[in-house]
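Enquirer: Quick one, data30.pdb (PDB, C-alpha atoms and all ligand atoms):
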ATOM      1  CA  MET A  28      -1.136   0.572  -9.154
ATOM      2  CA  THR A  29      -0.195   1.960  -5.778
ATOM      3  CA  GLN A  30      -3.168   2.807  -3.717
ATOM      4  CA  THR A  31      -3.020   5.875  -1.516
ATOM      5  CA  VAL A  32      -4.247   5.420   2.035
ATOM      6  CA  LEU A  33      -3.422   8.874   3.296
ATOM      7  CA  SER A  34      -3.122  11.978   1.182
ATOM      8  CA  ILE A  35      -2.150  15.351   2.614
ATOM      9  CA  GLN A  36      -1.936  18.448   0.468
ATOM     10  CA  HIS A  37      -0.708  21.832   1.614
ATOM     11  CA  LEU A  38      -2.135  21.287   5.054
ATOM     12  CA  GLN A  39      -2.101  24.294   7.338
ATOM     13  CA  LYS A  40      -2.950  24.815  10.959
ATOM     14  CA  HIS A  41      -2.673  27.953  13.011
ATOM     15  CA  PHE A  42      -3.371  28.463  16.670
ATOM     16  CA  GLY A  43      -4.385  32.122  16.831
ATOM     17  CA  LYS A  44      -1.498  33.967  15.225
ATOM     18  CA  PHE A  45       0.896  31.045  15.533
ATOM     19  CA  GLN A  46       1.319  29.023  12.364
ATOM     20  CA  ALA A  47       2.045  25.492  13.605
ATOM     21  CA  LEU A  48       1.679  23.906  10.147
ATOM     22  CA  SER A  49       2.345  26.006   7.080
ATOM     23  CA  ASP A  50       2.739  23.466   4.270
ATOM     24  CA  ILE A  51       2.425  19.745   4.860
ATOM     25  CA  THR A  52       2.220  17.598   1.754
ATOM     26  CA  PHE A  53       2.817  13.847   1.604
ATOM     27  CA  ASP A  54       1.089  10.550   0.849
ATOM     28  CA  VAL A  55       1.160   7.177   2.515
ATOM     29  CA  ASN A  56       0.648   4.252   0.154
ATOM     30  CA  ALA A  57      -1.171   1.047   0.967
ATOM     31  CA  GLY A  58       1.131  -1.525   2.512
ATOM     32  CA  GLU A  59       3.940   0.817   3.437
ATOM     33  CA  VAL A  60       5.426   2.025   6.684
ATOM     34  CA  PHE A  61       5.954   5.768   6.462
ATOM     35  CA  GLY A  62       8.342   7.408   8.922
ATOM     36  CA  PHE A  63       7.499  10.918  10.054
ATOM     37  CA  ILE A  64      10.490  12.608  11.635
ATOM     38  CA  GLY A  65      11.474  16.099  12.701
ATOM     39  CA  PRO A  66      12.701  18.078  15.691
ATOM     40  CA  ASN A  67      10.608  18.882  18.762
ATOM     41  CA  GLY A  68       7.824  21.305  17.983
ATOM     42  CA  ALA A  69       8.073  20.755  14.206
ATOM     43  CA  GLY A  70       4.384  19.835  13.955
ATOM     44  CA  LYS A  71       4.247  16.025  13.861
ATOM     45  CA  SER A  72       1.636  15.619  16.588
ATOM     46  CA  THR A  73      -0.369  18.553  15.261
ATOM     47  CA  THR A  74      -0.452  16.928  11.819
ATOM     48  CA  ILE A  75      -1.549  13.637  13.369
ATOM     49  CA  ARG A  76      -4.265  15.359  15.447
ATOM     50  CA  VAL A  77      -5.622  16.909  12.262
ATOM     51  CA  LEU A  78      -5.596  13.477  10.607
ATOM     52  CA  LEU A  79      -7.556  12.042  13.526
ATOM     53  CA  GLY A  80     -10.159  14.790  13.323
ATOM     54  CA  ILE A  81      -9.206  16.100  16.774
ATOM     55  CA  LEU A  82      -8.105  19.440  15.330
ATOM     56  CA  LYS A  83      -9.650  21.213  12.363
ATOM     57  CA  ALA A  84      -7.206  22.271   9.656
ATOM     58  CA  SER A  85      -6.949  25.973   8.783
ATOM     59  CA  GLY A  86      -6.170  25.243   5.135
ATOM     60  CA  GLY A  87      -5.257  22.560   2.655
ATOM     61  CA  GLN A  88      -6.612  19.056   2.411
ATOM     62  CA  ALA A  89      -6.194  15.705   4.084
ATOM     63  CA  THR A  90      -7.951  12.464   3.250
ATOM     64  CA  ILE A  91      -7.693   8.931   4.630
ATOM     65  CA  PHE A  92      -9.211   6.173   2.451
ATOM     66  CA  ASN A  93     -10.279   9.048   0.163
ATOM     67  CA  GLN A  94     -12.480  10.461   2.902
ATOM     68  CA  ASP A  95     -12.087  13.903   4.390
ATOM     69  CA  VAL A  96     -10.405  13.640   7.812
ATOM     70  CA  TRP A  97     -12.705  16.210   9.380
ATOM     71  CA  SER A  98     -16.161  15.703   7.888
ATOM     72  CA  GLN A  99     -15.881  11.924   7.556
ATOM     73  CA  ALA A 100     -13.900  11.221  10.714
ATOM     74  CA  VAL A 101     -16.422   8.734  12.123
ATOM     75  CA  SER A 102     -16.296   6.475   9.108
ATOM     76  CA  ILE A 103     -12.495   6.716   8.947
ATOM     77  CA  HIS A 104     -12.150   5.787  12.614
ATOM     78  CA  ASN A 105     -13.693   2.373  12.008
ATOM     79  CA  ARG A 106     -10.629   1.461  10.011
ATOM     80  CA  ILE A 107      -7.736   3.056  11.906
ATOM     81  CA  ALA A 108      -5.834   2.396  15.122
ATOM     82  CA  TYR A 109      -3.920   5.115  16.953
ATOM     83  CA  VAL A 110      -1.301   5.219  19.689
ATOM     84  CA  PRO A 111      -0.295   8.612  21.094
ATOM     85  CA  GLY A 112       3.080   9.374  22.669
ATOM     86  CA  ASP A 113       1.598  10.409  25.976
ATOM     87  CA  VAL A 114      -0.920   7.724  26.797
ATOM     88  CA  TYR A 115      -3.646   8.796  29.201
ATOM     89  CA  LEU A 116      -5.355   6.006  31.128
ATOM     90  CA  TRP A 117      -8.180   6.067  33.621
ATOM     91  CA  PRO A 118      -6.408   5.644  36.945
ATOM     92  CA  ASN A 119      -9.011   3.381  38.554
ATOM     93  CA  LEU A 120      -9.184   0.831  35.776
ATOM     94  CA  THR A 121      -6.671  -1.987  35.671
ATOM     95  CA  GLY A 122      -4.458  -2.306  32.606
ATOM     96  CA  GLY A 123      -6.546  -5.253  31.429
ATOM     97  CA  GLU A 124      -9.807  -3.328  31.828
ATOM     98  CA  MET A 125      -8.263  -0.377  30.031
ATOM     99  CA  ILE A 126      -7.204  -2.564  27.096
ATOM    100  CA  ASP A 127     -10.734  -3.969  26.820
ATOM    101  CA  PHE A 128     -12.169  -0.479  27.039
ATOM    102  CA  LEU A 129      -9.919   0.774  24.235
ATOM    103  CA  LEU A 130     -10.877  -2.259  22.151
ATOM    104  CA  LYS A 131     -14.566  -1.651  22.750
ATOM    105  CA  LEU A 132     -14.217   1.970  21.638
ATOM    106  CA  ASN A 133     -12.872   0.619  18.353
ATOM    107  CA  HIS A 134     -15.643  -2.010  18.083
ATOM    108  CA  GLN A 135     -13.091  -4.761  18.676
ATOM    109  CA  LYS A 136     -13.075  -7.839  20.879
ATOM    110  CA  HIS A 137     -10.513  -9.153  23.322
ATOM    111  CA  THR A 138      -9.086 -12.169  21.507
ATOM    112  CA  ALA A 139      -6.365 -14.777  21.979
ATOM    113  CA  LYS A 140      -4.099 -12.335  20.170
ATOM    114  CA  THR A 141      -4.730  -9.766  22.916
ATOM    115  CA  ASP A 142      -3.635 -12.295  25.547
ATOM    116  CA  ALA A 143      -0.555 -13.182  23.536
ATOM    117  CA  LEU A 144       0.361  -9.505  23.241
ATOM    118  CA  ILE A 145      -0.088  -8.950  26.991
ATOM    119  CA  LYS A 146       2.310 -11.805  27.599
ATOM    120  CA  GLU A 147       4.796 -10.704  25.012
ATOM    121  CA  PHE A 148       4.916  -7.120  26.246
ATOM    122  CA  GLU A 149       5.170  -8.466  29.805
ATOM    123  CA  LEU A 150       2.346  -6.316  31.113
ATOM    124  CA  ASP A 151       0.679  -7.177  34.393
ATOM    125  CA  PRO A 152      -2.960  -6.490  33.426
ATOM    126  CA  LYS A 153      -4.260  -6.748  36.980
ATOM    127  CA  LYS A 154      -2.576  -3.617  38.265
ATOM    128  CA  LYS A 155      -4.437  -0.324  38.437
ATOM    129  CA  SER A 156      -3.484   2.052  35.668
ATOM    130  CA  ARG A 157      -2.452   4.661  38.209
ATOM    131  CA  THR A 158       0.464   2.479  39.273
ATOM    132  CA  TYR A 159       1.854   2.103  35.764
ATOM    133  CA  SER A 160       5.112   3.671  34.620
ATOM    134  CA  LYS A 161       5.215   5.590  31.332
ATOM    135  CA  GLY A 162       6.467   2.490  29.518
ATOM    136  CA  ASN A 163       3.647   0.393  30.943
ATOM    137  CA  ARG A 164       1.039   2.965  29.906
ATOM    138  CA  GLN A 165       2.442   2.864  26.396
ATOM    139  CA  LYS A 166       2.262  -0.917  26.427
ATOM    140  CA  VAL A 167      -1.456  -0.745  27.229
ATOM    141  CA  ALA A 168      -2.133   1.442  24.197
ATOM    142  CA  LEU A 169       0.165  -0.632  21.962
ATOM    143  CA  ILE A 170      -1.461  -3.922  22.978
ATOM    144  CA  ALA A 171      -4.895  -2.472  22.212
ATOM    145  CA  ALA A 172      -3.711  -1.114  18.861
ATOM    146  CA  PHE A 173      -1.940  -4.291  17.763
ATOM    147  CA  SER A 174      -4.968  -6.402  18.622
ATOM    148  CA  THR A 175      -7.195  -4.080  16.609
ATOM    149  CA  GLU A 176      -8.095  -5.133  13.089
ATOM    150  CA  ALA A 177      -7.494  -1.929  11.181
ATOM    151  CA  ASP A 178      -6.250  -0.927   7.756
ATOM    152  CA  PHE A 179      -4.166   2.044   8.828
ATOM    153  CA  TYR A 180      -2.150   2.335  12.043
ATOM    154  CA  ILE A 181      -0.994   5.709  13.297
ATOM    155  CA  PHE A 182       1.740   5.798  15.931
ATOM    156  CA  ASP A 183       2.894   9.107  17.387
ATOM    157  CA  GLU A 184       6.209   8.429  19.123
ATOM    158  CA  PRO A 185       4.941   5.174  20.544
ATOM    159  CA  THR A 186       8.196   3.853  21.972
ATOM    160  CA  SER A 187       9.811   6.754  23.798
ATOM    161  CA  GLY A 188       9.280   5.019  27.149
ATOM    162  CA  LEU A 189      10.018   1.446  26.118
ATOM    163  CA  ASP A 190      13.189  -0.435  27.007
ATOM    164  CA  PRO A 191      15.233  -1.928  24.131
ATOM    165  CA  LEU A 192      13.686  -5.368  24.553
ATOM    166  CA  MET A 193      10.160  -3.955  24.244
ATOM    167  CA  GLU A 194      11.268  -1.741  21.378
ATOM    168  CA  GLU A 195      12.247  -4.955  19.546
ATOM    169  CA  ILE A 196       8.805  -6.414  20.138
ATOM    170  CA  PHE A 197       7.182  -3.230  18.905
ATOM    171  CA  GLN A 198       9.240  -3.353  15.708
ATOM    172  CA  LYS A 199       8.387  -6.995  15.176
ATOM    173  CA  HIS A 200       4.663  -6.244  15.322
ATOM    174  CA  VAL A 201       4.911  -3.255  13.005
ATOM    175  CA  LEU A 202       6.746  -5.416  10.460
ATOM    176  CA  ALA A 203       4.035  -8.072  10.863
ATOM    177  CA  LEU A 204       1.394  -5.439  10.073
ATOM    178  CA  LYS A 205       3.303  -4.573   6.931
ATOM    179  CA  GLU A 206       3.544  -8.215   5.934
ATOM    180  CA  ASN A 207      -0.226  -8.378   6.220
ATOM    181  CA  GLY A 208      -0.591  -5.476   3.816
ATOM    182  CA  LYS A 209      -1.502  -2.882   6.452
ATOM    183  CA  SER A 210      -0.302   0.708   6.264
ATOM    184  CA  VAL A 211       1.505   2.534   9.038
ATOM    185  CA  LEU A 212       2.343   6.156   9.830
ATOM    186  CA  LEU A 213       5.081   6.236  12.449
ATOM    187  CA  SER A 214       6.307   9.434  14.028
ATOM    188  CA  SER A 215       9.528   8.800  15.901
ATOM    189  CA  HIS A 216      12.699  10.292  17.314
ATOM    190  CA  ILE A 217      14.388   6.910  17.286
ATOM    191  CA  LEU A 218      16.120   7.111  13.946
ATOM    192  CA  SER A 219      17.398   3.526  14.000
ATOM    193  CA  GLU A 220      13.771   2.420  14.337
ATOM    194  CA  VAL A 221      12.773   4.530  11.330
ATOM    195  CA  GLU A 222      15.804   3.390   9.348
ATOM    196  CA  ARG A 223      14.999  -0.245   9.989
ATOM    197  CA  MET A 224      11.279  -0.248   9.376
ATOM    198  CA  CYS A 225      10.190   2.566   7.112
ATOM    199  CA  ASP A 226       9.776   2.285   3.357
ATOM    200  CA  ARG A 227       9.623   6.022   2.958
ATOM    201  CA  ILE A 228      10.347   8.943   5.215
ATOM    202  CA  GLY A 229       9.057  12.490   5.491
ATOM    203  CA  ILE A 230      11.116  15.122   7.294
ATOM    204  CA  ILE A 231       9.177  17.968   8.852
ATOM    205  CA  LYS A 232      10.707  21.178  10.064
ATOM    206  CA  ALA A 233       8.951  24.236  11.460
ATOM    207  CA  GLY A 234       5.565  23.200  10.056
ATOM    208  CA  LYS A 235       6.817  22.306   6.582
ATOM    209  CA  ILE A 236       7.761  19.058   4.904
ATOM    210  CA  VAL A 237      11.336  19.632   3.764
ATOM    211  CA  GLU A 238      11.968  16.218   2.205
ATOM    212  CA  THR A 239      10.122  13.016   1.360
ATOM    213  CA  GLY A 240      11.459   9.832  -0.156
ATOM    214  CA  THR A 241      13.057   6.480   0.460
ATOM    215  CA  LEU A 242      16.203   6.434   2.556
ATOM    216  CA  ASP A 243      18.202   5.624  -0.576
ATOM    217  CA  GLU A 244      16.735   8.602  -2.398
ATOM    218  CA  MET A 245      17.604  10.815   0.514
ATOM    219  CA  ARG A 246      21.111   9.435   0.655
ATOM    220  CA  GLN A 247      21.561  10.721  -2.881
ATOM    221  CA  LEU A 248      21.105  14.204  -1.510
ATOM    222  CA  THR A 249      24.047  13.988   0.764
ATOM    223  CA  ARG A 250      27.663  12.932   0.961
ATOM    224  CA  THR A 251      29.475   9.654   1.398
ATOM    225  CA  GLN A 252      32.643   9.718   3.463
ATOM    226  CA  ILE A 253      35.617   7.990   1.811
ATOM    227  CA  THR A 254      39.077   7.063   3.075
ATOM    228  CA  VAL A 255      41.283   5.585   0.390
ATOM    229  CA  ALA A 256      44.890   4.571  -0.207
ATOM    230  CA  THR A 257      46.220   4.119  -3.753
ATOM    231  CA  GLN A 258      49.482   3.088  -5.365
ATOM    232  CA  GLN A 259      49.750   6.232  -7.458
ATOM    233  CA  PRO A 260      49.364   9.812  -6.228
ATOM    234  CA  LEU A 261      45.718  10.761  -5.888
ATOM    235  CA  ASP A 262      45.942  14.535  -5.315
ATOM    236  CA  ALA A 263      44.028  15.193  -8.535
ATOM    237  CA  VAL A 264      40.917  13.713  -6.903
ATOM    238  CA  ALA A 265      40.581  16.955  -4.973
ATOM    239  CA  GLN A 266      39.649  18.679  -8.246
ATOM    240  CA  LEU A 267      36.899  16.239  -9.235
ATOM    241  CA  ALA A 268      33.287  17.379  -9.299
ATOM    242  CA  GLY A 269      31.441  16.498  -6.103
ATOM    243  CA  VAL A 270      34.541  16.012  -3.926
ATOM    244  CA  HIS A 271      34.677  18.026  -0.726
ATOM    245  CA  GLY A 272      37.124  18.471   2.124
ATOM    246  CA  PHE A 273      39.971  16.547   0.514
ATOM    247  CA  THR A 274      42.480  15.879   3.294
ATOM    248  CA  PRO A 275      45.739  14.046   2.508
ATOM    249  CA  ASP A 276      46.940  11.699   5.228
ATOM    250  CA  ALA A 277      49.614  13.373   7.358
ATOM    251  CA  THR A 278      51.829  10.310   7.649
ATOM    252  CA  THR A 279      51.288   8.135   4.582
ATOM    253  CA  ALA A 280      51.639   9.183   0.973
ATOM    254  CA  ASN A 281      48.834   8.422  -1.476
ATOM    255  CA  LYS A 282      46.205   8.236   1.204
ATOM    256  CA  ALA A 283      43.382  10.701   1.770
ATOM    257  CA  THR A 284      40.004  11.249   3.344
ATOM    258  CA  PHE A 285      37.231  13.235   1.665
ATOM    259  CA  ALA A 286      33.470  13.454   1.179
ATOM    260  CA  VAL A 287      31.725  12.860  -2.141
ATOM    261  CA  ASP A 288      28.250  13.922  -3.176
ATOM    262  CA  THR A 289      26.532  10.546  -3.209
ATOM    263  CA  ALA A 290      25.395  11.097  -6.789
ATOM    264  CA  GLN A 291      29.063  11.405  -7.885
ATOM    265  CA  VAL A 292      30.401   8.343  -6.072
ATOM    266  CA  GLY A 293      30.483   6.214  -9.235
ATOM    267  CA  ALA A 294      32.544   8.722 -11.228
ATOM    268  CA  VAL A 295      34.996   9.265  -8.373
ATOM    269  CA  MET A 296      35.397   5.519  -7.846
ATOM    270  CA  SER A 297      36.325   4.880 -11.447
ATOM    271  CA  GLN A 298      38.917   7.653 -11.245
ATOM    272  CA  LEU A 299      40.336   6.117  -8.058
ATOM    273  CA  ALA A 300      40.541   2.720  -9.742
ATOM    274  CA  ASP A 301      42.930   4.252 -12.276
ATOM    275  CA  TYR A 302      45.263   5.095  -9.393
ATOM    276  CA  GLN A 303      45.140   1.460  -8.220
ATOM    277  CA  ILE A 304      43.268   1.244  -4.956
ATOM    278  CA  VAL A 305      45.069  -0.414  -2.057
ATOM    279  CA  THR A 306      42.456   0.071   0.671
ATOM    280  CA  LEU A 307      39.135   1.818   0.623
ATOM    281  CA  GLN A 308      36.610   2.587   3.301
ATOM    282  CA  SER A 309      33.290   4.170   2.410
ATOM    283  CA  THR A 310      30.663   5.290   4.885
ATOM    284  CA  PRO A 311      27.229   6.146   3.502
ATOM    285  CA  PRO A 312      25.270   8.830   5.320
ATOM    286  CA  THR A 313      23.023   7.579   8.106
ATOM    287  CA  LEU A 314      19.539   8.852   8.683
ATOM    288  CA  GLU A 315      21.083  10.727  11.585
ATOM    289  CA  ASP A 316      23.372  12.617   9.187
ATOM    290  CA  LEU A 317      20.406  13.467   6.994
ATOM    291  CA  PHE A 318      18.340  14.562   9.906
ATOM    292  CA  MET A 319      21.124  16.769  11.251
ATOM    293  CA  ARG A 320      21.575  18.289   7.835
ATOM    294  CA  TYR A 321      17.979  19.480   7.742
ATOM    295  CA  TYR A 322      17.927  20.247  11.407
ATOM    296  CA  ASN A 323      20.900  22.577  11.111
ATOM    297  CA  ALA A 324      20.243  24.020   7.665
ATOM    298  CA  GLU A 325      18.258  27.166   6.899
ATOM    299  CA  GLY A 326      18.198  28.613  10.363
ATOM    300  CA  GLU A 327      15.683  31.275   9.413
ATOM    301  CA  GLY A 328      12.167  30.792  10.645
ATOM    302  CA  ASP A 329      13.308  28.461  13.381
ATOM    303  CA  SER A 330      11.650  28.682  16.700
ATOM    304  CA  HIS A 331      13.971  26.983  19.123
ATOM    305  CA  GLU A 332      11.449  27.074  21.858
ATOM    306  CA  ALA A 333      11.739  24.917  24.945
TER     307      ALA A 333
HETATM  308  N1  LIG A 401      -3.142  23.659  21.164
HETATM  309  C1  LIG A 401      -2.089  24.383  20.826
HETATM  310  N2  LIG A 401      -2.094  25.724  20.973
HETATM  311  C2  LIG A 401      -1.028  26.484  20.609
HETATM  312  N3  LIG A 401       0.102  25.985  20.089
HETATM  313  C3  LIG A 401       0.173  24.672  19.913
HETATM  314  C4  LIG A 401      -0.907  23.798  20.269
HETATM  315  N4  LIG A 401      -0.540  22.524  19.969
HETATM  316  C5  LIG A 401       0.712  22.617  19.456
HETATM  317  N5  LIG A 401       1.138  23.887  19.421
HETATM  318  C6  LIG A 401       2.435  24.358  18.882
HETATM  319  O1  LIG A 401       2.586  23.854  17.578
HETATM  320  C7  LIG A 401       3.943  23.491  17.319
HETATM  321  C8  LIG A 401       4.006  22.054  16.858
HETATM  322  O2  LIG A 401       3.746  21.180  17.960
HETATM  323  P1  LIG A 401       3.687  19.602  17.829
HETATM  324  O3  LIG A 401       3.230  19.075  19.133
HETATM  325  O4  LIG A 401       2.893  19.254  16.630
HETATM  326  O5  LIG A 401       5.221  19.223  17.571
HETATM  327  P2  LIG A 401       5.896  17.800  17.425
HETATM  328  O6  LIG A 401       6.571  17.791  16.114
HETATM  329  O7  LIG A 401       4.926  16.736  17.707
HETATM  330  O8  LIG A 401       7.015  17.845  18.548
HETATM  331  P3  LIG A 401       7.568  16.700  19.540
HETATM  332  O9  LIG A 401       8.646  16.019  18.774
HETATM  333  O10 LIG A 401       8.128  17.465  20.678
HETATM  334  O11 LIG A 401       6.439  15.807  19.925
HETATM  335  C9  LIG A 401       4.696  23.764  18.616
HETATM  336  O12 LIG A 401       5.336  25.013  18.493
HETATM  337  C10 LIG A 401       3.610  23.786  19.659
HETATM  338  O13 LIG A 401       3.981  24.629  20.724
HETATM  339 MG    MG A 402       4.734  15.242  19.173
END
Would you mind writing the file out in structure tokens?
Ligand SMILES: Nc1ncnc2c1ncn2[C@@H]1O[C@H](COP(=O)(O)OP(=O)(O)OP(=O)(O)O)[C@@H](O)[C@H]1O
Ligand SMILES: [Mg+2]
Expert:
Amino acid sequence: MTQTVLSIQHLQKHFGKFQALSDITFDVNAGEVFGFIGPNGAGKSTTIRVLLGILKASGGQATIFNQDVWSQAVSIHNRIAYVPGDVYLWPNLTGGEMIDFLLKLNHQKHTAKTDALIKEFELDPKKKSRTYSKGNRQKVALIAAFSTEADFYIFDEPTSGLDPLMEEIFQKHVLALKENGKSVLLSSHILSEVERMCDRIGIIKAGKIVETGTLDEMRQLTRTQITVATQQPLDAVAQLAGVHGFTPDATTANKATFAVDTAQVGAVMSQLADYQIVTLQSTPPTLEDLFMRYYNAEGEGDSHEA
């Protein structure tokens, strides 16, 4: 009975001859936080600009609330909130005026919640926007977005300028949105943030989605690092399916370090149990490991531009 808030199918976008997006396909379900990650220049912001109706797609389809993102953008915009990575503010307006202006654009009112957010994010709303640091500009856009009643929140690297304390507050409010049944698309380079908050993740590379799934599903695709000591010799483990880089300990007998395809961990563990485990340390892959795997794999077609 999952309801789809955002549906993207084979989305393409080229700028002249340059193909920025060649095949973007993923869905965001109602009530979930979806993490959108990928290296610089992969196409995250371009995808989001297409979703917002700022750019027109060159091919494929994208709908939000079952409405076409280009032809029905106006109706969609009544139900979404958006925070870009590089927040542009009008220099002569104060932060407070800017927040009210952003709210007005979204047909929203300044409420007690807005005041609470200003306090929580420790923004001085009386200062002119031109005096704000990058972090403060981001706070302005975040405060406006979090005090907007929307169904779908789109954040494009919203926390790159925030200090760790503010990052915490951001995460708290995203989780509160989720608790209230809202849906969130979050593009981020802060993998711990994605790991902590996102129900599902999409990895984009060079204009293509290379993987989508829950973190657990993605972990299945990679290897768990194991260091184990047993009472009986364990050399035979090196021959088991899914075991890689078996390295016996140089000083102690019956101790080794190796990697196991996550899908094979169960089988390897039961084999190890037969050798009588003395100590065992297992490290599951982090999102960072996963990201690096895709980042480094399949070098062809990469444009490592500055
Ligand atoms: N208006 C444009 N004209 C030409 N090329 C563009 C335009 N906008 C983006 N691009 C190119 O499209 C590619 C994708 O850019 P995009 O900004 O979507 O990446 P990103 O994933 O958001 O990266 P980052 O993590 O650095 O924000 C890049 O190679 C970029 O140079
Ligand atoms: Mg970007």
Enquirer: Which residues, named as in the file, does the PyMOL selection byres (((not hetatm)) within 12 of (chain A and resi 402)) pick out? Answer as an NGL selection string.
Expert: :A and (47 or 63-76 or 110-113 or 182-185 or 187 or 213-216 or 231)
Enquirer: Can you work out which one of A:Ile253, A:Ala283, A:Ile217, A:Ala172 has the shortest atom-to-atom distance to A:Leu314, counting all atoms listed in the file?
Expert: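 Answer, going by the shortest atom-to-atom distance: A:Ile217.
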Enquirer: For the structure shown, which residues end up in the PyMOL selection byres (((chain A and resi 221) around 12) and not hetatm)? Put them as JSON, numbers by chain, please?
Expert: {"A": [60, 61, 62, 63, 64, 65, 184, 186, 194, 198, 201, 202, 211, 212, 213, 214, 215, 216, 217, 218, 219, 220, 222, 223, 224, 225, 226, 227, 228, 229, 230, 241, 242, 313, 314, 315, 318]}
Enquirer: Hey, can you spit out that residue selection with C-alpha atoms as a CSV table (one decimal), in the frame of the given file?
Expert:
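And here is the file that came out, again35.csv:
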chain,number,residue,atom,x,y,z
A,60,VAL,CA,5.4,2.0,6.7
A,61,PHE,CA,6.0,5.8,6.5
A,62,GLY,CA,8.3,7.4,8.9
A,63,PHE,CA,7.5,10.9,10.1
A,64,ILE,CA,10.5,12.6,11.6
A,65,GLY,CA,11.5,16.1,12.7
A,184,GLU,CA,6.2,8.4,19.1
A,186,THR,CA,8.2,3.9,22.0
A,194,GLU,CA,11.3,-1.7,21.4
A,198,GLN,CA,9.2,-3.4,15.7
A,201,VAL,CA,4.9,-3.3,13.0
A,202,LEU,CA,6.7,-5.4,10.5
A,211,VAL,CA,1.5,2.5,9.0
A,212,LEU,CA,2.3,6.2,9.8
A,213,LEU,CA,5.1,6.2,12.4
A,214,SER,CA,6.3,9.4,14.0
A,215,SER,CA,9.5,8.8,15.9
A,216,HIS,CA,12.7,10.3,17.3
A,217,ILE,CA,14.4,6.9,17.3
A,218,LEU,CA,16.1,7.1,13.9
A,219,SER,CA,17.4,3.5,14.0
A,220,GLU,CA,13.8,2.4,14.3
A,222,GLU,CA,15.8,3.4,9.3
A,223,ARG,CA,15.0,-0.2,10.0
A,224,MET,CA,11.3,-0.2,9.4
A,225,CYS,CA,10.2,2.6,7.1
A,226,ASP,CA,9.8,2.3,3.4
A,227,ARG,CA,9.6,6.0,3.0
A,228,ILE,CA,10.3,8.9,5.2
A,229,GLY,CA,9.1,12.5,5.5
A,230,ILE,CA,11.1,15.1,7.3
A,241,THR,CA,13.1,6.5,0.5
A,242,LEU,CA,16.2,6.4,2.6
A,313,THR,CA,23.0,7.6,8.1
A,314,LEU,CA,19.5,8.9,8.7
A,315,GLU,CA,21.1,10.7,11.6
A,318,PHE,CA,18.3,14.6,9.9
Enquirer: Could you please determine the separation between atom CA of A:Gln252 and atom CA of A:Asp288 in Å, to one decimal place?
Expert: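 For atom CA of A:Gln252 relative to atom CA of A:Asp288, the distance reads 9.0 Å.
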Enquirer: Suppose you want the space between atom CA of A:Gly234 and atom CA of A:Trp97; what is it in Å?
Expert: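 Atom CA of A:Gly234 sits 19.6 Å away from atom CA of A:Trp97.
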Enquirer: Counting all atoms listed in the file, find residues at most 8 Å from (-4.8, -7.3, 34.9) (file frame) and give them as a list in words.
Expert: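 Every residue inside that radius is included here: Thr121, Gly122, Gly123, Glu124, Asp151, Pro152, Lys153, Lys154 and Lys155 of chain A.
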